[in-house]
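**Q** Can you keep this structure in mind? I'll have questions shortly.
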Amino acid sequence: MGSGRVSEDTNLADVHELLQYVTTGYIGDRRHENDRLYLDIQYQNDKDHANVPAFMLGEFIVYAINPATGKEEDLLYATLGDYLQSIPPYAIGFPTGIWQFPIVLIVSDEINVSVTAPAGLVTYSDLIKLFNSRAAGAAKMDITIPASGWAKDQDTGGAYPIHMDIASTDITEAMIPMLTIIPSSLEAARVCGLCPVSRTMPGALRLYAKSVPADTISASLTLLDTAPQHSGLASSAATDRMDIILPADGWAEDTDTGGEYPVHFDVVDEAIQDNLIPLLTVYPEHLNTAGNCNLSPYIRTIPGALRVYAKRPPDGDIKASLALLGVYQSMVGGTPGGGAYVLPAASATVLGGVRVREGSGLVVDGSGNIAIDAAADLEAEDIYNGSKVNFDQE
């Protein structure tokens with residue numbers, strides 16, 4: 001294993017030694033199938049490499065015994081190019097790191113051969129594209145809403161007679177759609193009565209309208225992912241998503257808005273925290289009810305609840321989708337928030353945070369270590385003596 005880097009115009013077949021030797025590696029899995037030799041080149045920062053300092057892995061070379069001469073010769077040389085790997089040193093108490101490089105050698109008298117990568121392998125460039133397309137749990141795409149192919153709608157109860165499904169394998173039901181009409185198409189969207197609310201479905205985005213548009217409508221679609229990302233590729237843009245109902249009853253007199261919105265309703269849920277940003281989407285079939293009661297576009301989160309304002313209580317229930325967006329940092333004043341991830345409370349089956357209450361007999365130091373709040377010797381003696389005195393007095 002080495003840390004050298006060859007120049008771009010170097011023919012690797014002409015390289016027979018490492019440019020900058022560092023240490024030795026391993027041959028892991030090896031097998032021979034037909035005209036192909038499969039080798040798994042490995043490096044491990046284990047005890048055998050305890051004296052190897054941290055280095056940048058940029059090249060490796062494999063040696064083999066030449067069966068004709070019986071001498072050791074270089075079999076192959078490989079370079080990592082611009083994608084050097086940072087290798088930490090061996091450290092007691094830390095798990096061993098393993099870096100693997102699968103190699104396929106083809107023995108052939110033909111000049112042109114082809115190699116197919118195993119399923120699951122991607123190039124660095126493809127991986128970066130995936131990161132960028134799903135940065136912070138969000139994706140963005142340009143779409144065209146056609147002027148034909150609209151279907152009769154049953155979702156909205158007649159509020160929007162037709163709908164159009166825009167198919168995309170990138171869309172899941174857990175996503176929150178945010179549709180922005182391109183300025184040149186605003187008039188066409190207005191004339192056909194395009195619904196301001198869209199809905200995600202498995203593999204499609206559903207749009208609603210009063211009538212078929214006279215021309216195609218260009219738009220930009222942003223999709224916020226609310227499903228937890230356990231793969232490590234990207235975090236969710238929202239910490240939670242839930243369907244809620246704003247009922248016709250139970251609204252309270254409001255004092256927050258100075259009379260601008262006389263009533264409010266609190267949707268109670270322990271997942272709602274005051275440091276989260278609420279994004280409320282009223283479902284198309286309930287837009288008229290929301291409009292009739294002058295539902296406020298402003299909503300706010302308070303500890304354990306979402307507060308919604310209106311001019312008057314609605315005539316009927318209003319169904320909506322609520323997404324809670326995490327905050328990375330306050331933009332103006334306030335206390336910087338954490339990441340978009342909100343640590344859940346620990347339970348018997350959930351790994352999460354534990355709050356140590358004062359007087360519980362536990363203490364937490366500055367590094368987050370929990371210990372029993374044991375009394376010092378003098379404190380214990382005082383307690384004992386005091387108890388003894390009280391007992392004697394009794």
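Ordering of the structure tokens sets the chain letters (A, B, ...); residue numbers start at 1 within each chain; ligands are numbered from 1 in the order shown.
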Can you tell me which residues surround Ala91 of chain A at a distance of at most 10 Å, considering only C-alpha atoms, apart from same-chain residues fewer than 4 positions away, and format the answer as a list in words?
**A** Asn45, Asp46, Lys47, Ala50, Pro95 and Thr96 of chain A
**Q** Any chance you could export the current selection's N, CA, C and O atoms as an mmCIF file, in the first residue's frame?
**A**
data_model
loop_
_atom_site.group_PDB
_atom_site.id
_atom_site.type_symbol
_atom_site.label_atom_id
_atom_site.label_comp_id
_atom_site.auth_asym_id
_atom_site.auth_seq_id
_atom_site.Cartn_x
_atom_site.Cartn_y
_atom_site.Cartn_z
ATOM 1 N N ASN A 45 -6.420 -1.339 9.583
ATOM 2 C CA ASN A 45 -5.584 -0.674 10.593
ATOM 3 C C ASN A 45 -5.688 -1.443 11.908
ATOM 4 O O ASN A 45 -6.193 -0.952 12.914
ATOM 5 N N ASP A 46 -5.173 -2.698 11.875
ATOM 6 C CA ASP A 46 -5.263 -3.603 13.018
ATOM 7 C C ASP A 46 -3.952 -3.615 13.799
ATOM 8 O O ASP A 46 -3.053 -2.787 13.567
ATOM 9 N N LYS A 47 -3.820 -4.564 14.731
ATOM 10 C CA LYS A 47 -2.623 -4.642 15.566
ATOM 11 C C LYS A 47 -1.363 -4.867 14.748
ATOM 12 O O LYS A 47 -0.278 -4.422 15.131
ATOM 13 N N ALA A 50 0.088 -1.562 13.903
ATOM 14 C CA ALA A 50 0.063 -0.620 15.024
ATOM 15 C C ALA A 50 1.101 0.483 14.883
ATOM 16 O O ALA A 50 0.922 1.583 15.422
ATOM 17 N N PRO A 95 -12.747 0.068 16.958
ATOM 18 C CA PRO A 95 -12.867 -1.055 16.031
ATOM 19 C C PRO A 95 -11.928 -0.901 14.846
ATOM 20 O O PRO A 95 -11.605 0.214 14.424
ATOM 21 N N THR A 96 -11.502 -2.031 14.312
ATOM 22 C CA THR A 96 -10.600 -2.035 13.166
ATOM 23 C C THR A 96 -11.331 -1.591 11.905
ATOM 24 O O THR A 96 -12.435 -2.044 11.631
#
**Q** Just list as a PyMOL selection string whatever in segment 12-166 of chain A DSSP marks as strand (DSSP E or B).
**A** chain A and resi 21+26-33+36-44+55-57+59-65+72-79+85-87+98-106+138-145+151-152+162-166
**Q** List the neighbours of Leu37 of chain A out to 12 Å using only C-alpha atoms; skip same-chain residues closer than 5 positions along the sequence, and give me the result as a list of chain:residue names.
**A**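 Neighbouring residues, sequence-local ones excluded: A:Asp29, A:Arg30, A:Arg31, A:His32, A:Leu75, A:Pro102, A:Ile103, A:Val104, A:Leu105, A:Ile106, A:Val107, A:Ser108, A:Val115.
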**Q** Excluding same-chain residues fewer than 2 positions from Ala320 of chain A, what lies within 6 Å of it counting only C-alpha atoms, as a VMD selection string?
**A** chain A and resid 243 to 244 281 to 283
**Q** With a cut-off of 12 Å, could you pull out the residues of segment 252-340 of chain A touching segment 166-190 of chain A and give me the nearest pair of atoms for each, distance in Å to one decimal, using only C-alpha atoms, ordered by chain and ascending number, as a tab-separated table?
**A**
residue	atom	partner	partner_atom	distance
A:Leu279	CA	A:Ile176	CA	9.3
A:Leu280	CA	A:Ile176	CA	10.2
A:Thr281	CA	A:Ile176	CA	9.1
A:Ser321	CA	A:Ile176	CA	9.0
A:Leu322	CA	A:Ile176	CA	9.4
A:Ala323	CA	A:Ile176	CA	7.7
A:Leu324	CA	A:Ile176	CA	10.7
A:Leu325	CA	A:Ile176	CA	10.8
**Q** Take the residues that were just selected and, keeping C-alpha atoms, output them as a PDB file, in the first residue's frame.
**A**
ATOM      1  CA  LEU A 279     -46.035  23.409   7.090  1.00  0.00           C
ATOM      2  CA  LEU A 280     -49.816  22.923   6.840  1.00  0.00           C
ATOM      3  CA  THR A 281     -51.431  21.758   3.611  1.00  0.00           C
ATOM      4  CA  SER A 321     -51.470  17.362   6.222  1.00  0.00           C
ATOM      5  CA  LEU A 322     -48.941  18.730   8.707  1.00  0.00           C
ATOM      6  CA  ALA A 323     -45.183  18.532   8.209  1.00  0.00           C
ATOM      7  CA  LEU A 324     -42.771  19.597  10.916  1.00  0.00           C
ATOM      8  CA  LEU A 325     -39.528  20.954   9.515  1.00  0.00           C
TER       9      LEU A 325
END
**Q** Tell me, as a compact mmCIF listing (two decimals) with all heavy atoms, in the first residue's frame, which residues lie within 9 Å of Ile61 of chain A, counting only C-alpha atoms; anything in the same chain fewer than 5 positions away does not count.
**A**
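Okay, out15.txt is ready:
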# COMPACT_ATOMS: atom_id res chain seq x y z
N MET A 1 0.85 -1.18 0.00
CA MET A 1 0.00 0.00 0.00
C MET A 1 0.89 1.24 0.00
O MET A 1 1.89 1.30 0.71
CB MET A 1 -0.91 0.02 1.23
CG MET A 1 -1.84 -1.17 1.33
SD MET A 1 -3.09 -1.15 0.02
CE MET A 1 -3.99 -2.65 0.39
N GLY A 2 0.50 2.25 -0.83
CA GLY A 2 1.31 3.45 -0.92
C GLY A 2 0.45 4.69 -0.96
O GLY A 2 -0.78 4.63 -1.06
N HIS A 16 5.79 -0.41 -12.19
CA HIS A 16 6.14 -1.70 -11.61
C HIS A 16 6.53 -1.60 -10.14
O HIS A 16 6.99 -2.59 -9.56
CB HIS A 16 7.28 -2.35 -12.41
CG HIS A 16 6.91 -2.60 -13.85
ND1 HIS A 16 6.10 -3.64 -14.25
CD2 HIS A 16 7.23 -1.91 -14.98
CE1 HIS A 16 5.94 -3.61 -15.57
NE2 HIS A 16 6.61 -2.56 -16.04
N GLU A 17 6.38 -0.46 -9.56
CA GLU A 17 6.63 -0.31 -8.13
C GLU A 17 5.86 0.90 -7.61
O GLU A 17 5.45 1.78 -8.39
CB GLU A 17 8.12 -0.13 -7.85
CG GLU A 17 8.74 1.08 -8.52
CD GLU A 17 10.22 1.18 -8.27
OE1 GLU A 17 10.81 0.24 -7.71
OE2 GLU A 17 10.81 2.22 -8.65
N LEU A 18 5.62 0.91 -6.29
CA LEU A 18 4.89 2.02 -5.69
C LEU A 18 5.71 3.30 -5.77
O LEU A 18 6.94 3.28 -5.61
CB LEU A 18 4.56 1.71 -4.24
CG LEU A 18 3.59 0.54 -3.98
CD1 LEU A 18 3.46 0.27 -2.49
CD2 LEU A 18 2.22 0.83 -4.58
N ASP A 74 5.67 -8.26 -9.99
CA ASP A 74 4.45 -7.48 -9.81
C ASP A 74 3.37 -7.99 -10.77
O ASP A 74 3.64 -8.20 -11.95
CB ASP A 74 4.72 -5.98 -10.03
CG ASP A 74 5.27 -5.69 -11.41
OD1 ASP A 74 6.44 -6.04 -11.67
OD2 ASP A 74 4.53 -5.11 -12.24
N LEU A 75 2.18 -8.21 -10.23
CA LEU A 75 1.06 -8.72 -11.01
C LEU A 75 0.19 -7.59 -11.53
O LEU A 75 -0.26 -7.61 -12.67
CB LEU A 75 0.23 -9.68 -10.17
CG LEU A 75 -1.02 -10.27 -10.81
CD1 LEU A 75 -0.64 -11.16 -11.99
CD2 LEU A 75 -1.84 -11.05 -9.80
N LEU A 76 -0.06 -6.61 -10.68
CA LEU A 76 -0.89 -5.48 -11.10
C LEU A 76 -0.56 -4.26 -10.25
O LEU A 76 -0.12 -4.38 -9.10
CB LEU A 76 -2.38 -5.81 -11.00
CG LEU A 76 -2.98 -6.03 -9.61
CD1 LEU A 76 -3.54 -4.73 -9.03
CD2 LEU A 76 -4.09 -7.07 -9.69
N TYR A 77 -0.78 -3.09 -10.82
CA TYR A 77 -0.64 -1.82 -10.11
C TYR A 77 -1.95 -1.06 -10.27
O TYR A 77 -2.55 -1.05 -11.35
CB TYR A 77 0.52 -0.99 -10.67
CG TYR A 77 0.58 0.41 -10.10
CD1 TYR A 77 1.24 0.65 -8.90
CD2 TYR A 77 -0.03 1.48 -10.75
CE1 TYR A 77 1.29 1.93 -8.35
CE2 TYR A 77 0.01 2.76 -10.22
CZ TYR A 77 0.67 2.98 -9.03
OH TYR A 77 0.72 4.25 -8.48
N ALA A 78 -2.41 -0.45 -9.20
CA ALA A 78 -3.67 0.30 -9.25
C ALA A 78 -3.50 1.64 -8.54
O ALA A 78 -2.76 1.75 -7.55
CB ALA A 78 -4.80 -0.49 -8.59
N THR A 79 -4.16 2.65 -9.07
CA THR A 79 -4.14 3.98 -8.46
C THR A 79 -5.57 4.41 -8.15
O THR A 79 -6.50 4.07 -8.88
CB THR A 79 -3.47 5.01 -9.38
OG1 THR A 79 -3.58 6.32 -8.78
CG2 THR A 79 -4.13 5.06 -10.74
**Q** At most 10 Å is the cut-off: for each residue in segment 177-273 of chain A with any atom that close to an atom of segment 150-155 of chain A, write down the nearest atom pair and the distance in Å rounded to one decimal, counting only C-alpha atoms, chain first then increasing number, as CSV.
**A**
residue,atom,partner,partner_atom,distance
A:Leu207,CA,A:Trp150,CA,9.4
A:Tyr208,CA,A:Asp153,CA,8.0
A:Ala209,CA,A:Trp150,CA,9.2
A:Ser211,CA,A:Trp150,CA,9.1
A:Val212,CA,A:Trp150,CA,6.9
A:Pro213,CA,A:Trp150,CA,9.4
**Q** Deliver the residues from the most recent selection as a file, using C-alpha atoms, as a PDB file, in the first residue's frame.
**A**
ATOM      1  CA  LEU A 207     -52.675  17.661  -9.543  1.00  0.00           C
ATOM      2  CA  TYR A 208     -56.245  18.970  -9.517  1.00  0.00           C
ATOM      3  CA  ALA A 209     -57.999  21.550 -11.693  1.00  0.00           C
ATOM      4  CA  SER A 211     -61.010  22.476 -16.180  1.00  0.00           C
ATOM      5  CA  VAL A 212     -58.479  21.121 -18.654  1.00  0.00           C
ATOM      6  CA  PRO A 213     -55.731  23.692 -19.337  1.00  0.00           C
TER       7      PRO A 213
END
**Q** May I ask for the distance between atom CA of Gly203 of chain A and atom CA of Ile145 of chain A, given in Å to one decimal place?
**A** 16.0 Å
**Q** Between atom CA of Asn294 of chain A and atom CA of Ile217 of chain A, what distance in Å does the model show, to one decimal?
**A** 29.0 Å
**Q** Determine which residues of segment 147-347 of chain A DSSP labels as helix (DSSP H, G or I) from the backbone of this structure, then write them out as a tab-separated table (two decimals) with N, CA, C and O atoms, in the first residue's frame.
**A**
chain	number	residue	atom	x	y	z
A	183	PRO	N	-43.44	31.61	-14.29
A	183	PRO	CA	-44.20	32.83	-14.62
A	183	PRO	C	-44.90	32.80	-15.97
A	183	PRO	O	-46.03	33.27	-16.09
A	184	SER	N	-44.25	32.23	-16.98
A	184	SER	CA	-44.86	32.22	-18.31
A	184	SER	C	-46.12	31.35	-18.39
A	184	SER	O	-46.89	31.46	-19.34
A	185	SER	N	-46.33	30.49	-17.38
A	185	SER	CA	-47.50	29.60	-17.38
A	185	SER	C	-48.54	30.00	-16.35
A	185	SER	O	-49.55	29.29	-16.18
A	186	LEU	N	-48.35	31.11	-15.66
A	186	LEU	CA	-49.27	31.50	-14.60
A	186	LEU	C	-50.69	31.76	-15.13
A	186	LEU	O	-51.68	31.39	-14.49
A	187	GLU	N	-50.79	32.39	-16.29
A	187	GLU	CA	-52.10	32.70	-16.84
A	187	GLU	C	-52.86	31.42	-17.20
A	187	GLU	O	-54.05	31.29	-16.91
A	188	ALA	N	-52.17	30.45	-17.81
A	188	ALA	CA	-52.81	29.18	-18.16
A	188	ALA	C	-53.28	28.44	-16.90
A	188	ALA	O	-54.35	27.83	-16.88
A	189	ALA	N	-52.48	28.51	-15.83
A	189	ALA	CA	-52.86	27.86	-14.58
A	189	ALA	C	-54.07	28.55	-13.94
A	189	ALA	O	-54.96	27.89	-13.39
A	190	ARG	N	-54.14	29.89	-14.07
A	190	ARG	CA	-55.26	30.64	-13.50
A	190	ARG	C	-56.55	30.34	-14.24
A	190	ARG	O	-57.62	30.11	-13.63
A	191	VAL	N	-56.48	30.32	-15.56
A	191	VAL	CA	-57.69	30.13	-16.37
A	191	VAL	C	-58.31	28.75	-16.14
A	191	VAL	O	-59.54	28.60	-16.08
A	284	PRO	N	-57.44	19.39	-0.93
A	284	PRO	CA	-58.26	20.13	-1.91
A	284	PRO	C	-59.74	20.13	-1.60
A	284	PRO	O	-60.42	21.15	-1.77
A	285	GLU	N	-60.29	19.00	-1.14
A	285	GLU	CA	-61.73	18.92	-0.89
A	285	GLU	C	-62.18	19.76	0.30
A	285	GLU	O	-63.38	19.93	0.52
A	286	HIS	N	-61.22	20.32	1.07
A	286	HIS	CA	-61.58	21.12	2.24
A	286	HIS	C	-61.14	22.59	2.09
A	286	HIS	O	-61.25	23.35	3.05
A	287	LEU	N	-60.66	22.95	0.92
A	287	LEU	CA	-60.21	24.33	0.70
A	287	LEU	C	-61.35	25.33	0.84
A	287	LEU	O	-61.16	26.42	1.38
A	288	ASN	N	-62.54	24.98	0.34
A	288	ASN	CA	-63.68	25.90	0.43
A	288	ASN	C	-64.07	26.15	1.89
A	288	ASN	O	-64.34	27.29	2.29
A	289	THR	N	-64.07	25.08	2.69
A	289	THR	CA	-64.41	25.23	4.10
A	289	THR	C	-63.38	26.10	4.81
A	289	THR	O	-63.73	26.97	5.63
A	290	ALA	N	-62.10	25.89	4.47
A	290	ALA	CA	-61.04	26.71	5.06
A	290	ALA	C	-61.17	28.16	4.64
A	290	ALA	O	-60.93	29.08	5.44
A	291	GLY	N	-61.56	28.39	3.38
A	291	GLY	CA	-61.72	29.75	2.90
A	291	GLY	C	-62.90	30.46	3.53
A	291	GLY	O	-62.83	31.66	3.85
A	292	ASN	N	-63.99	29.75	3.77
A	292	ASN	CA	-65.19	30.36	4.34
A	292	ASN	C	-64.98	30.83	5.77
A	292	ASN	O	-65.59	31.82	6.21
